[in-house]
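Visitor: Would you mind keeping the following structure in view while I ask a few things?
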Number of protein chains: 2
Amino acid sequence: MVMAPRIRRALRALTLALLLVPAPGMASSSHRAWTAQDIVTSPQIGDLEMTPDGKEVAYLLHTADIAANRPRFELHLITLADGRDRVIAQSQFLDRLRRIPGRNAWSVLGDFGAGVQLYEVGHDGARTELVRNPETVLVGSADGADFGLWQMPPLQVGIVFYDWSPDGKRLVYSRLEAESPVPRQLTGDAVRDASARRRWTPQVRVGFFMRTEEGPDVPIFERPSSDRIARYMGGMTVWGPDYLDFGAQASDSPDPAVQRYRWSFSSGKAVALSLDALTTAQADIIGPNGGQLEVSGRGKDRRLVERLGGGRSIDFGSAMMTLSDVRSPGYWRAADGRFAIVAVKLLREAKYALLRLDRDGGSRLIQVPESLTHCSFDAGLSRGVCIREGLAYAPELVKVNPVNGAISLVEAISPAHSRLERFAKERRTWINRFGFESVGFVLFPRGYRAGKRYPAVIVTHGSDADERFAAPDFEWSYPIQLLLDRGYLVLAVNDPYIAQSEQLQAAIESWNSCNGRLVPAEIQRLVWLNAVESYRSLIATLGDQGVIDPKRIGIAGYSAGSQMVNVAVTQTDLFRAASSGDGGYLEPAVWRFQQCSYRAVYGGAPGDPKARDNYAALAPSYRAARSKAAVLQQLAEPRAGAVEFHEALREARVPAQITLYPGETSASDETHFFHIPANRIGALEENLEWFERWLGNGNGAAKEGAAIPPAR
Amino acid sequence: MVMAPRIRRALRALTLALLLVPAPGMASSSHRAWTAQDIVTSPQIGDLEMTPDGKEVAYLLHTADIAANRPRFELHLITLADGRDRVIAQSQFLDRLRRIPGRNAWSVLGDFGAGVQLYEVGHDGARTELVRNPETVLVGSADGADFGLWQMPPLQVGIVFYDWSPDGKRLVYSRLEAESPVPRQLTGDAVRDASARRRWTPQVRVGFFMRTEEGPDVPIFERPSSDRIARYMGGMTVWGPDYLDFGAQASDSPDPAVQRYRWSFSSGKAVALSLDALTTAQADIIGPNGGQLEVSGRGKDRRLVERLGGGRSIDFGSAMMTLSDVRSPGYWRAADGRFAIVAVKLLREAKYALLRLDRDGGSRLIQVPESLTHCSFDAGLSRGVCIREGLAYAPELVKVNPVNGAISLVEAISPAHSRLERFAKERRTWINRFGFESVGFVLFPRGYRAGKRYPAVIVTHGSDADERFAAPDFEWSYPIQLLLDRGYLVLAVNDPYIAQSEQLQAAIESWNSCNGRLVPAEIQRLVWLNAVESYRSLIATLGDQGVIDPKRIGIAGYSAGSQMVNVAVTQTDLFRAASSGDGGYLEPAVWRFQQCSYRAVYGGAPGDPKARDNYAALAPSYRAARSKAAVLQQLAEPRAGAVEFHEALREARVPAQITLYPGETSASDETHFFHIPANRIGALEENLEWFERWLGNGNGAAKEGAAIPPAR
């Protein structure tokens, strides 16, 4: 479905008109210049909790210990009256900070020498063990380890999840149990998985237990660690008055479904409830009238409603937003039910804010020019705090008045980062020639002068180019601030957002579930080629506006972004340099362990004659000779697909470089999000050098030929 | 180049005429029946050395300690006068047993608790350390280990090679040195290799040193462990009167060439000598006149000659044999030069023997109906010993009279194995429809009755279906003796031997070196399809003769044999069951780290349109749907190519099973030749069950459908 050129031109003109040419006065501030160390130590805020009396705030801070070359976690406590910030606990790993209901203390998972266990931490930093599982299990990217989701070194883990009942009288927690400490014979799918994984994984089970005020802890249910809901989502527990609901992965079907259960406090038994799609199985978000809040509809029809009983609902108006995003979750309801607040992500603004919802359907955004994230409120919903942060705005703790939306500074989370150069930026939305809208940011280099054309680098990773500060899940090892410092524009670009279109939603569903509703060519077009068209539009616009030098454009992305990089350079002539991070999806070698989604994208196995043309149309390694970009690949593991693309680039004599960053030991790997500071710094610098080499001032794209491999 | 049907029929008739129909009276002996344990503990003889006075023989025995689940090595000493056999040393690893020239003692590499070091062992078993490298390096299929060639657990290794000068006054040895104990960043080809390897390998260097009777040990040369000649071939050292010659890998070129050097005793310096092809760089084999022995020519023109000075040579006649095969090496020359003896492999007989060569060109085979291997002679070449062994003949130490060829028994190496059932066998040679000759053995089941048709299993691994006893390099995990016990014929079949044809030699060279002289289709035809034609011919003959049931034929092979299995089942309808061991070569996923040879076989990368038809013609995973055989795959590592084939079989709903056998720990793997007794037994039994299930009496091929995967 290609649009008529006339419509396309009209859309393009409209888009152009909407775009701001950067105003003068956007020159750099006089703050300190960024270093790679600044990026690696940028403060990452985890859980944040205000006390019910609104006097104190505790939060988890994740940063890097460069000298020790490992991550550093701190539990901070701030007295709001005087802004005093104290570190009351420090560990190589902290997670899941919670207030203990009814007590003046916090609970947190942490490793204080006995593996990751559950602790109570008081105001004075006094630490008490709450639950300990002495039979810890190694977790991480290591041989003999259960797979870890964190960007962490291999860790011994006893307890992985816990949750307090609202009255604080009950505690549910889960612990890991390794079934077989030594490697065992594998068959069938387990061999396939081992061929994808690189490291041996023992059989591990996740056991959930209930603690009450009396008696021993009671087992509730147990699942293999391959159950992602039990292992990584805490069983999606929801407390009821006399029961606990929990979920487990219903099957290995490509559409992960959740089988929900209800465990009765009195009987100590569980009964099966509904079977839900994973996407609809989230805990309810409660609105001001006690109903369930949800965004329904698509595109212009997308509205926020509160579902009440009896088919009634309250409509809060159109809503191009998501509720309680995992990057800034939360919802709160005033005790008197006068209003509720929900944390939202505004999709077209690519930022996080709060939305105050009144009983009668009135609503009001509480926002700053950047984002409000990690919010927490007191018991009466009369006072709150958030983190204020942005792409070029270092995080600050701010007070939030939920009544009038007033924001006031408490403290900078990292004064050192607040003193760094704050680059000028401009948010843009534009429509590509397929008719889909994207959101992104133009970040202007230090000393930017209008009228001069700059080299530019696109950084992309799906949907998280947004107003958060040096977020490693977006920035990865791409030295955005260092590029800006060296005179590059950085274009932080998202894929066309799914919420705008039923068609995109269907493509994503068909891709993930291989339901066969869309043919491969259409999935290729709506997912990858669509995003490529967004890059093309933005580059054309910035070129037309005289902002960028179209001969010196680079692109960088990891994981999902690496797919986009690999596709972009093998489908267009737009790029001279590229950096593709730790990904090999879309390459034929990956078919063997991604068959469902490959069936959607390609129609079958690489050797299947029916699928042949689909591979030829998209698989980057099959199209390597088309790349006009020099391609750097940085890996945490020697992924087959990534190496396949690299070797195809070399075969085609495209300048290419591949670097594998190591783990701490010979039996462990760097993680998908790098966690070893030396690797992070090394990868940032390697990227900087790569883009300087191929896009740098006066170098031209082909100045240095050393990376062009000899014909073989 | 396909032969005319008439010629083919003629050849076939000729072949048939040459074949013996098994004679009556070949029924089984009354010996004890084989178990899997018998196969796993079968005695593997390593180095064997007779003393210069001809009174004693020392040898290394490699077997399995089933209770401890690990390999066992013993150093045996036999007094020939009374046949007394004593174990004078025992270790988890022994290698490279040598007489120490001029001394009444042996030297051996062994691990006696300090890693693998060099020891002197006396008659009484007294052990003295000769060279010790305290900075040992882990070697094996483990993380942080240098790659090991042995079927061994991960071992700490200090010394890897040594050699005495003929006068015993000098000792050259090499030691491993790890350069970087922790993983390091990898780039380029090292990433590609890491994607092929599974385990992290540290940077290891091999340092060669010279010890003399005085002064400290002197370094000679040092190479990275990636230099296969330095690392695994002891630098191919050759002693001269006042120098030591050694070689190193000349480059990473696909044709491995050897740069030879000469290290002077007096100057302590090395000068470069010639650059040789690896195949011609073997140490000279000396004939009775002091000239160099070699087999020259091909096919019927193949002759054994001794090259003398001045272009003269002595012709010992036609010679379908190889000299000093690595499986039974050796050559000896009488002190008075009256005659020489060389260990040979007779290619058409598929057995090992000795060839006595007289000065005047006379020659005489010294042989038994089976093989003579591991021979050794006294200083005057008046007495010798060998191991007598065969496919169905347990090894015995025998005396050999080099003058008259008389053979007499000294002792059975493993009396327990000598008491086992000795199956009837018949050697066959036949010509396939491409015109090439193969050699193989028909092994008859216990209680064989002529006139009854039996199910049959081909076992194949290139060239080593020959007269050696339960040789694990041929038999691997295929339970030949258990199949015979259960009423199967076993066909131990070799590829058409290369020596018969210039054309085959050219194909192998073009394949290994990707020299481009043969087109891919011709390489495919001469290498894989050619061997498949040999199977077809043999099966047709045995079917015509009423010996086998053509509906119940299986095939098994590992490594190179796994290629043959995978090709055979995807090119023919001959087989109902197959077992393919630890191989994935020929699959598209392997292209990225086997590009040279893949260029020869396929003409390029899987995504290259020029190569497409070549992949479609041979790649087993592209042809999986053609398999009429249920395919079992057994792996030591989760090899990408193997999994690719398995997944393609499942996709095509061909019954398939894949099993990965584990290493000792989560950070190590089973080795290509399994070394863990429990894995060996498990794999033998899994194969037995697989063939019983799909070929078993009355089962028919499709009786049990459980392994047929559901459509996905």
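Going through the structure tokens in order, the chains are called A, B, and so on, while each chain numbers its residues from 1 and the ligands are numbered from 1 in the order shown.
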Give the residues of chain B that lie within 8 Å of chain A; count only C-alpha atoms, and format the answer as a ChimeraX atom specification.

Guide: /B:143-144,182-188,191-192,194-195,198-201,588-589,592,605-608,616,621-623,638-640,643-644,647-648,657-667

Visitor: Mind checking which residues fall within 10 Å of range 332-335 of chain B, counting only C-alpha atoms, ignoring those fewer than 6 positions away in the same chain, and posting them as a VMD selection string?

Guide: chain B and resid 285 to 290 341 to 343 356 to 357 376 to 382

Visitor: Residues within 7 Å of range 391-397 of chain B, please, as a list of chain:residue names. Count only C-alpha atoms; anything in the same chain fewer than 4 positions from it doesn't count.

Guide: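 Listing them by chain and then by number gives B:Val385, B:Cys386, B:Ile387, B:Leu409, B:Val410, B:Glu411, B:Ala412, B:Ile413, B:His417, B:Ser418, B:Arg422, B:Phe423, B:Asp466, B:Glu467, B:Arg468, B:Phe469, B:Ala470.
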
Visitor: What does the distance between CA of Asp227 in chain A and CA of Val131 in chain A come to in Å, to one decimal place?

Guide: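 Atom-to-atom, CA of Asp227 in chain A to CA of Val131 in chain A, that is 22.7 Å.
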
Visitor: Just list as an MDAnalysis selection string whatever in range 395-601 of chain B DSSP marks as strand (DSSP E).

Guide: chainID B and resid 395:400 407:412 425:431 437:443 454:460 489:493 548:558 577:581
